[in-house]
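**Student:** Supplied structure: protein_20.txt, compact mmCIF, C-alpha atoms.
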# COMPACT_ATOMS: atom_id res chain seq x y z
CA HIS A 1209 21.28 -3.65 -23.82
CA GLY A 1210 21.40 -7.06 -22.12
CA THR A 1211 23.62 -10.09 -21.90
CA ASP A 1212 23.70 -10.98 -25.62
CA PRO A 1213 26.51 -8.99 -27.29
CA ASN A 1214 25.08 -9.76 -30.76
CA HIS A 1215 21.90 -7.81 -29.98
CA ARG A 1216 23.38 -5.15 -27.70
CA LYS A 1217 22.96 -1.59 -28.96
CA ALA A 1218 25.75 1.04 -28.69
CA ASP A 1219 27.82 -1.46 -26.69
CA ARG A 1220 25.73 -0.44 -23.66
CA ARG A 1221 24.60 -2.87 -20.95
CA LEU A 1222 21.67 -1.84 -18.78
CA ASP A 1223 21.27 -5.17 -16.99
CA THR A 1224 24.19 -4.42 -14.66
CA ARG A 1225 24.72 -1.45 -12.36
CA GLU A 1226 28.21 -0.87 -13.75
CA GLY A 1227 26.89 -0.76 -17.32
CA ALA A 1228 24.01 1.55 -16.47
CA LEU A 1229 26.30 4.08 -14.76
CA ALA A 1230 29.16 3.90 -17.26
CA GLU A 1231 29.98 6.87 -19.48
CA ILE A 1232 30.29 5.88 -23.16
CA ASP A 1233 31.19 8.48 -25.78
CA GLY A 1234 30.36 11.23 -23.29
CA VAL A 1235 26.89 9.82 -22.53
CA LYS A 1236 25.66 8.32 -19.25
CA ALA A 1237 22.54 6.17 -19.35
CA ILE A 1238 21.86 6.77 -15.64
CA VAL A 1239 22.99 9.72 -13.51
CA PRO A 1240 21.75 9.07 -9.95
CA GLY A 1241 19.57 11.91 -8.67
CA LYS A 1242 19.35 13.54 -12.12
CA PRO A 1243 16.75 11.99 -14.45
CA GLU A 1244 17.01 14.97 -16.79
CA ALA A 1245 20.72 14.16 -17.32
CA SER A 1246 20.17 10.41 -17.70
CA ASP A 1247 20.11 9.42 -21.38
CA ALA A 1248 18.05 6.29 -20.73
CA ILE A 1249 15.33 8.25 -18.92
CA VAL A 1250 15.30 11.02 -21.53
CA ARG A 1251 14.81 8.40 -24.25
CA ILE A 1252 12.16 6.47 -22.30
CA LEU A 1253 10.13 9.66 -21.83
CA SER A 1254 10.69 10.94 -25.37
CA THR A 1255 7.91 11.02 -27.95
CA ASP A 1256 10.41 11.26 -30.82
CA ALA A 1257 10.39 7.93 -32.69
CA ASP A 1258 14.08 8.38 -33.62
CA GLU A 1259 15.28 8.43 -30.01
CA GLN A 1260 12.49 6.68 -28.11
CA MET A 1261 13.22 3.63 -25.91
CA PRO A 1262 12.10 0.97 -26.49
CA PRO A 1263 12.11 1.81 -30.21
CA PRO A 1264 8.67 1.61 -31.86
CA LYS A 1265 9.83 -1.12 -34.26
CA SER A 1266 10.57 -3.42 -31.30
CA ASN A 1267 6.81 -3.65 -30.58
CA LYS A 1268 7.64 -3.36 -26.88
CA THR A 1269 6.12 -0.60 -24.79
CA LEU A 1270 6.25 0.77 -21.25
CA THR A 1271 3.14 1.95 -19.48
CA THR A 1272 2.95 5.49 -18.13
CA ALA A 1273 3.26 4.07 -14.61
CA GLU A 1274 6.39 2.10 -15.51
CA LYS A 1275 8.00 5.18 -17.06
CA GLU A 1276 7.23 7.22 -13.96
CA THR A 1277 8.63 4.48 -11.73
CA LEU A 1278 11.95 4.60 -13.59
CA ARG A 1279 12.05 8.40 -13.55
CA ARG A 1280 11.36 8.56 -9.81
CA TRP A 1281 13.89 5.81 -9.10
CA VAL A 1282 16.65 7.82 -10.75
CA ALA A 1283 15.49 10.98 -8.95
CA VAL A 1284 15.36 9.43 -5.48
CA ARG A 1285 18.05 10.63 -3.10
CA SER A 1286 17.01 9.17 0.26
CA PRO A 1287 18.63 5.77 0.82
CA ASN A 1288 16.36 2.84 1.67
CA GLN A 1289 16.60 -0.20 3.89
CA ILE A 1290 14.19 -2.81 2.59
CA LEU A 1291 13.31 -6.39 3.50
CA ALA A 1292 11.50 -8.14 0.65
CA VAL A 1293 9.27 -11.00 1.84
CA ILE A 1294 7.89 -13.19 -0.95
CA ASP A 1295 5.17 -15.84 -0.72
CA VAL A 1296 6.34 -19.23 -2.06
CA SER A 1297 3.21 -21.22 -1.19
CA GLY A 1298 1.93 -23.69 -3.76
CA SER A 1299 -0.55 -21.30 -5.38
CA MET A 1300 2.34 -19.09 -6.52
CA ARG A 1301 2.85 -21.71 -9.25
CA ASP A 1302 -0.43 -20.56 -10.83
CA ASP A 1303 -0.44 -18.61 -14.08
CA SER A 1304 0.03 -14.86 -13.64
CA GLY A 1305 -1.93 -14.13 -16.79
CA ASP A 1306 0.82 -14.14 -19.40
CA GLY A 1307 1.78 -17.82 -19.38
CA GLN A 1308 4.32 -17.46 -16.57
CA SER A 1309 3.73 -18.42 -12.96
CA LYS A 1310 3.20 -15.74 -10.33
CA ILE A 1311 6.43 -16.72 -8.60
CA ARG A 1312 8.35 -16.49 -11.88
CA VAL A 1313 7.04 -12.96 -12.46
CA ALA A 1314 7.79 -12.00 -8.85
CA SER A 1315 11.30 -13.42 -9.21
CA GLN A 1316 11.91 -11.39 -12.36
CA ALA A 1317 10.60 -8.22 -10.73
CA ALA A 1318 12.75 -8.72 -7.65
CA THR A 1319 15.79 -9.30 -9.85
CA THR A 1320 15.13 -6.04 -11.71
CA ALA A 1321 14.74 -4.10 -8.46
CA ILE A 1322 17.97 -5.55 -7.05
CA ILE A 1323 19.92 -4.61 -10.16
CA LEU A 1324 18.65 -1.03 -9.88
CA MET A 1325 19.23 -0.57 -6.14
CA PRO A 1326 22.06 1.85 -5.29
CA ASP A 1327 25.05 0.49 -3.39
CA ALA A 1328 24.26 2.75 -0.41
CA TRP A 1329 20.95 1.00 0.24
CA SER A 1330 20.48 -2.01 2.51
CA ALA A 1331 18.35 -4.99 1.55
CA GLY A 1332 17.44 -8.51 2.58
CA LEU A 1333 15.26 -11.26 1.14
CA TRP A 1334 12.90 -13.74 2.83
CA THR A 1335 10.44 -16.27 1.50
CA PHE A 1336 7.53 -17.81 3.37
CA SER A 1337 5.12 -20.75 3.31
CA LEU A 1338 3.49 -22.83 6.03
CA LYS A 1339 5.83 -25.23 7.85
CA PRO A 1340 5.11 -27.60 10.74
CA GLU A 1341 6.20 -26.47 14.18
CA PRO A 1342 8.75 -25.80 15.55
CA ALA A 1343 10.02 -24.45 12.22
CA ASN A 1344 9.28 -20.84 11.30
CA ASP A 1345 7.03 -20.16 8.31
CA TRP A 1346 9.60 -17.74 6.93
CA THR A 1347 13.06 -18.48 5.54
CA GLU A 1348 15.82 -15.88 5.53
CA LEU A 1349 17.54 -16.25 2.17
CA VAL A 1350 19.69 -13.14 2.52
CA PRO A 1351 20.01 -11.13 5.76
CA LEU A 1352 19.71 -7.36 5.80
CA ALA A 1353 23.03 -5.82 4.79
CA SER A 1354 24.40 -3.22 2.41
CA VAL A 1355 23.48 -3.77 -1.23
CA ARG A 1356 27.14 -3.18 -2.09
CA SER A 1357 28.09 -6.41 -0.30
CA ASN A 1358 24.78 -8.22 -0.75
CA ARG A 1359 23.91 -7.75 -4.41
CA GLY A 1360 25.27 -11.06 -5.70
CA ALA A 1361 23.55 -13.08 -2.98
CA LEU A 1362 20.30 -11.15 -3.46
CA LEU A 1363 20.30 -11.79 -7.21
CA SER A 1364 21.01 -15.51 -6.95
CA SER A 1365 18.42 -15.94 -4.21
CA ALA A 1366 15.75 -14.00 -6.11
CA GLN A 1367 16.34 -16.16 -9.15
CA SER A 1368 16.10 -19.33 -7.03
CA MET A 1369 12.62 -18.61 -5.69
CA PRO A 1370 10.63 -20.53 -8.36
CA GLY A 1371 12.33 -23.70 -7.11
CA LEU A 1372 11.21 -23.10 -3.52
CA VAL A 1373 7.43 -23.16 -4.08
CA GLY A 1374 5.29 -25.48 -1.96
CA GLY A 1375 2.92 -25.60 1.00
CA ASP A 1376 0.25 -23.21 2.27
CA THR A 1377 0.40 -19.57 3.39
CA GLY A 1378 1.80 -18.72 6.82
CA LEU A 1379 1.17 -14.98 6.68
CA PHE A 1380 0.63 -13.54 10.14
CA SER A 1381 3.73 -14.79 11.97
CA THR A 1382 5.84 -13.88 8.93
CA ALA A 1383 4.50 -10.32 8.80
CA LEU A 1384 5.26 -9.77 12.48
CA ALA A 1385 8.73 -11.33 12.26
CA ALA A 1386 9.66 -9.27 9.21
CA PHE A 1387 8.51 -6.05 10.88
CA GLY A 1388 10.57 -6.98 13.93
CA ALA A 1389 13.65 -7.76 11.88
CA VAL A 1390 13.67 -4.36 10.16
CA SER A 1391 12.90 -2.63 13.47
CA ASP A 1392 15.88 -4.39 15.06
CA HIS A 1393 18.11 -3.18 12.20
CA TYR A 1394 16.57 0.30 12.04
CA THR A 1395 18.94 2.75 10.41
CA PRO A 1396 18.45 6.51 10.89
CA ASN A 1397 18.39 8.64 7.73
CA LYS A 1398 17.08 5.70 5.70
CA VAL A 1399 13.54 4.76 4.70
CA ASN A 1400 13.09 1.50 6.62
CA SER A 1401 10.43 -0.82 5.21
CA VAL A 1402 9.10 -4.31 4.60
CA VAL A 1403 7.66 -5.23 1.20
CA LEU A 1404 5.47 -8.31 1.56
CA VAL A 1405 4.10 -10.06 -1.53
CA THR A 1406 1.41 -12.76 -1.31
CA ASP A 1407 -1.40 -14.31 -3.32
CA GLY A 1408 -3.19 -15.98 -0.41
CA ALA A 1409 -4.62 -15.79 3.09
CA ASN A 1410 -3.19 -16.99 6.37
CA VAL A 1411 -3.97 -20.66 7.02
CA ASP A 1412 -1.53 -21.34 9.87
CA PRO A 1413 -3.64 -22.41 12.89
CA ASP A 1414 -0.74 -21.54 15.21
CA ASP A 1415 -0.49 -17.95 13.95
CA GLY A 1416 -3.32 -16.53 16.05
CA ASP A 1417 -5.85 -14.15 14.52
CA LEU A 1418 -5.62 -10.88 12.64
CA ALA A 1419 -6.63 -8.81 15.66
CA THR A 1420 -3.70 -10.17 17.67
CA LEU A 1421 -1.27 -9.48 14.83
CA LEU A 1422 -2.51 -5.90 14.43
CA ALA A 1423 -2.29 -5.29 18.17
CA ASN A 1424 1.32 -6.53 18.19
CA LEU A 1425 2.28 -4.42 15.18
CA LYS A 1426 0.77 -1.28 16.71
CA LYS A 1427 2.47 -1.99 20.04
CA GLN A 1428 5.87 -2.44 18.41
CA PHE A 1429 5.58 0.51 16.02
CA ASP A 1430 7.79 3.39 17.15
CA PRO A 1431 7.03 6.75 15.49
CA HIS A 1432 10.58 7.86 16.30
CA ARG A 1433 11.98 4.80 14.50
CA PRO A 1434 9.31 4.22 11.85
CA VAL A 1435 9.18 0.99 9.88
CA SER A 1436 6.41 0.59 7.30
CA THR A 1437 5.02 -2.66 5.92
CA ASN A 1438 3.93 -2.31 2.31
CA THR A 1439 1.83 -5.23 1.11
CA ILE A 1440 1.18 -6.41 -2.43
CA ALA A 1441 -1.84 -8.62 -3.05
CA LEU A 1442 -1.53 -10.82 -6.13
CA GLY A 1443 -4.83 -11.94 -7.64
CA ARG A 1444 -8.31 -12.50 -6.31
CA ASP A 1445 -7.42 -15.08 -3.65
CA ALA A 1446 -5.21 -12.73 -1.65
CA ASP A 1447 -6.66 -11.59 1.69
CA VAL A 1448 -6.85 -7.92 0.75
CA HIS A 1449 -8.76 -7.02 3.93
CA ALA A 1450 -5.98 -8.39 6.15
CA LEU A 1451 -3.19 -6.95 4.02
CA GLN A 1452 -4.73 -3.46 4.05
CA GLN A 1453 -4.91 -3.53 7.84
CA ILE A 1454 -1.36 -4.84 8.22
CA SER A 1455 -0.11 -1.95 6.10
CA ALA A 1456 -2.28 0.63 7.88
CA ALA A 1457 -1.02 -0.49 11.30
CA THR A 1458 2.53 0.50 10.33
CA GLY A 1459 1.91 3.49 8.08
CA GLY A 1460 2.49 1.46 4.92
CA ARG A 1461 0.49 1.03 1.74
CA ASN A 1462 -1.39 -1.84 0.16
CA TYR A 1463 -1.40 -2.59 -3.57
CA ILE A 1464 -3.77 -4.94 -5.39
CA VAL A 1465 -2.62 -6.34 -8.74
CA HIS A 1466 -3.99 -8.92 -11.17
CA LYS A 1467 -2.16 -8.63 -14.48
CA ALA A 1468 1.38 -9.92 -14.97
CA GLN A 1469 2.60 -6.57 -16.27
CA ASP A 1470 1.17 -4.84 -13.20
CA ILE A 1471 2.78 -7.40 -10.89
CA ARG A 1472 6.19 -6.56 -12.33
CA SER A 1473 5.78 -2.80 -12.26
CA VAL A 1474 4.27 -2.63 -8.77
CA ILE A 1475 6.90 -4.87 -7.17
CA VAL A 1476 9.70 -2.88 -8.75
CA ARG A 1477 8.09 0.46 -7.88
CA VAL A 1478 7.43 -0.40 -4.24
CA ALA A 1479 10.88 -1.94 -3.79
CA LEU A 1480 12.65 1.08 -5.22
CA GLN A 1481 10.57 3.72 -3.45
CA GLY A 1482 9.93 2.02 -0.13
CA GLY A 1483 6.23 2.57 -0.84
Go through the file and emit its structure as structure tokens.
**Tutor:**
Amino acid sequence: HGTDPNHRKADRRLDTREGALAEIDGVKAIVPGKPEASDAIVRILSTDADEQMPPPKSNKTLTTAEKETLRRWVAVRSPNQILAVIDVSGSMRDDSGDGQSKIRVASQAATTAIILMPDAWSAGLWTFSLKPEPANDWTELVPLASVRSNRGALLSSAQSMPGLVGGDTGLFSTALAAFGAVSDHYTPNKVNSVVLVTDGANVDPDDGDLATLLANLKKQFDPHRPVSTNTIALGRDADVHALQQISAATGGRNYIVHKAQDIRSVIVRVALQGG
């Protein structure tokens, strides 16, 4: 169901939003808000070998968590506003565990999430790595805006991230800036959140310490205009202690992942659920 027409089944594309929502021969692969009416979800959850997706003969499988992520994504009705902030420090070139680099896996996961995001959502994309002053450690690849107008830029930027890797990790100033950016663009009736992905610890001597960052986050957090920071720690070198506290200070969640398959599923899940 991808880009290659020679291998596409039932003339159905699932790698584009238009293809996923299209009705073909009276069947819709995805019906937003109704997983029980979405043929793709019904087949993914099925135990019948004749209708199951992926088919058993493909030797490809989805974990229970991945299936539930897709089901809940289709079911979700509350629109999200999400700023994805991805570490592009040098260690993101390291193997994720399946022969691909961590940044390559993160890029693929971000691309999947962007394809699946509804038009009514808002999204932006930043990367970060340590830069000498006066430059910021973070780079705004795509500003927060509606997914309807932003999707093309988001996709091309997500796919460009493997070429941006280099430097050390400038975590603390980036976390505070990202929280501030979403707070400044707070939209009522949306789930407003930051999703920050890193495999390292802060090494920027100009960033201050963790206690200062947490104090600033707590001071800026407004319970009437809540913005959560959800953090994803990739591998054993990530500063899980700091990431857990950053998330806790804003009512967000922290996720710790090691395997490539888990990296993909967690990034997609958090991006599509806002936590």
**Student:** Enter the distance from CA of Thr1224 (chain A) to CA of Leu1324 (chain A), in Å, rounded to one decimal.
**Tutor:**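 Pair CA of Thr1224 (chain A) / CA of Leu1324 (chain A) returns 8.1 Å.
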**Student:** Using only C-alpha atoms for the distances, tell me which of A:Ala1457, A:Leu1362, A:Val1350, A:Val1435 is nearest to Ser1401 (chain A).
**Tutor:**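 Closest to Ser1401 (chain A) of all the choices is A:Val1435.
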**Student:** First collect every listed atom of region 1423-1440 of chain A; then fit an axis-aligned box around them, widen it by 4 Å on each side, and give centre and edge lengths in Å to one decimal, as JSON.
**Tutor:**
{"center_x": 4.8, "center_y": 0.7, "center_z": 8.8, "size_x": 22.3, "size_y": 22.4, "size_z": 30.5}
**Student:** Determine the nearest neighbour of Ala1245 (chain A) from the options A:Lys1426, A:Arg1279, A:Arg1461, A:Arg1444, counting all atoms listed in the file.
**Tutor:**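 For Ala1245 (chain A), the nearest of the given residues is A:Arg1279.
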**Student:** Rounded to one decimal in Å, what is the spacing between CA of Ser1364 (chain A) and CA of Pro1243 (chain A)?
**Tutor:**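 We find that CA of Ser1364 (chain A) and CA of Pro1243 (chain A) lie 28.8 Å from each other.
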**Student:** Suppose you want the space between CA of Ala1317 (chain A) and CA of Ile1471 (chain A); what is it in Å?
**Tutor:**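 So the two atoms, CA of Ala1317 (chain A) and CA of Ile1471 (chain A), lie 7.9 Å apart.
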**Student:** Please fill the gaps in region 1253-1275 of chain A so it has N, CA and C atoms, and write that as a short mmCIF file (atom, residue, chain, number, x, y, z; two decimals), keeping the file's coordinate frame.
**Tutor:**
data_model
loop_
_atom_site.label_atom_id
_atom_site.label_comp_id
_atom_site.auth_asym_id
_atom_site.auth_seq_id
_atom_site.Cartn_x
_atom_site.Cartn_y
_atom_site.Cartn_z
N LEU A 1253 11.20 8.67 -21.91
CA LEU A 1253 10.13 9.66 -21.83
C LEU A 1253 9.89 10.38 -23.16
N SER A 1254 10.79 10.21 -24.11
CA SER A 1254 10.69 10.94 -25.37
C SER A 1254 9.51 10.45 -26.22
N THR A 1255 8.95 11.38 -26.99
CA THR A 1255 7.91 11.02 -27.95
C THR A 1255 8.45 11.02 -29.38
N ASP A 1256 9.75 11.26 -29.51
CA ASP A 1256 10.41 11.26 -30.82
C ASP A 1256 10.76 9.82 -31.20
N ALA A 1257 10.19 9.33 -32.28
CA ALA A 1257 10.39 7.93 -32.69
C ALA A 1257 11.86 7.61 -32.95
N ASP A 1258 12.67 8.62 -33.30
CA ASP A 1258 14.08 8.38 -33.62
C ASP A 1258 14.93 8.15 -32.38
N GLU A 1259 14.47 8.59 -31.22
CA GLU A 1259 15.28 8.43 -30.01
C GLU A 1259 14.57 7.65 -28.91
N GLN A 1260 13.32 7.30 -29.13
CA GLN A 1260 12.49 6.68 -28.11
C GLN A 1260 13.01 5.29 -27.72
N MET A 1261 12.93 4.97 -26.44
CA MET A 1261 13.22 3.63 -25.91
C MET A 1261 11.99 3.12 -25.16
N PRO A 1262 11.63 1.85 -25.40
CA PRO A 1262 12.10 0.97 -26.49
C PRO A 1262 11.69 1.55 -27.84
N PRO A 1263 12.45 1.27 -28.89
CA PRO A 1263 12.11 1.81 -30.21
C PRO A 1263 10.77 1.26 -30.69
N PRO A 1264 9.98 2.07 -31.40
CA PRO A 1264 8.67 1.61 -31.86
C PRO A 1264 8.71 0.31 -32.64
N LYS A 1265 9.77 0.09 -33.44
CA LYS A 1265 9.83 -1.12 -34.26
C LYS A 1265 10.03 -2.39 -33.44
N SER A 1266 10.39 -2.24 -32.15
CA SER A 1266 10.57 -3.42 -31.30
C SER A 1266 9.24 -4.02 -30.86
N ASN A 1267 8.14 -3.23 -31.03
CA ASN A 1267 6.81 -3.65 -30.58
C ASN A 1267 6.75 -3.91 -29.08
N LYS A 1268 7.65 -3.29 -28.34
CA LYS A 1268 7.64 -3.36 -26.88
C LYS A 1268 7.34 -1.97 -26.34
N THR A 1269 6.50 -1.90 -25.34
CA THR A 1269 6.12 -0.60 -24.79
C THR A 1269 6.20 -0.61 -23.27
N LEU A 1270 6.33 0.57 -22.69
CA LEU A 1270 6.25 0.77 -21.25
C LEU A 1270 5.00 1.56 -20.95
N THR A 1271 4.31 1.19 -19.89
CA THR A 1271 3.14 1.95 -19.48
C THR A 1271 3.59 3.28 -18.88
N THR A 1272 2.65 4.21 -18.76
CA THR A 1272 2.95 5.49 -18.13
C THR A 1272 3.45 5.28 -16.71
N ALA A 1273 2.84 4.35 -15.99
CA ALA A 1273 3.26 4.07 -14.61
C ALA A 1273 4.68 3.53 -14.56
N GLU A 1274 5.03 2.65 -15.49
CA GLU A 1274 6.39 2.10 -15.51
C GLU A 1274 7.41 3.18 -15.83
N LYS A 1275 7.09 4.08 -16.75
CA LYS A 1275 8.00 5.18 -17.06
C LYS A 1275 8.21 6.08 -15.84
#
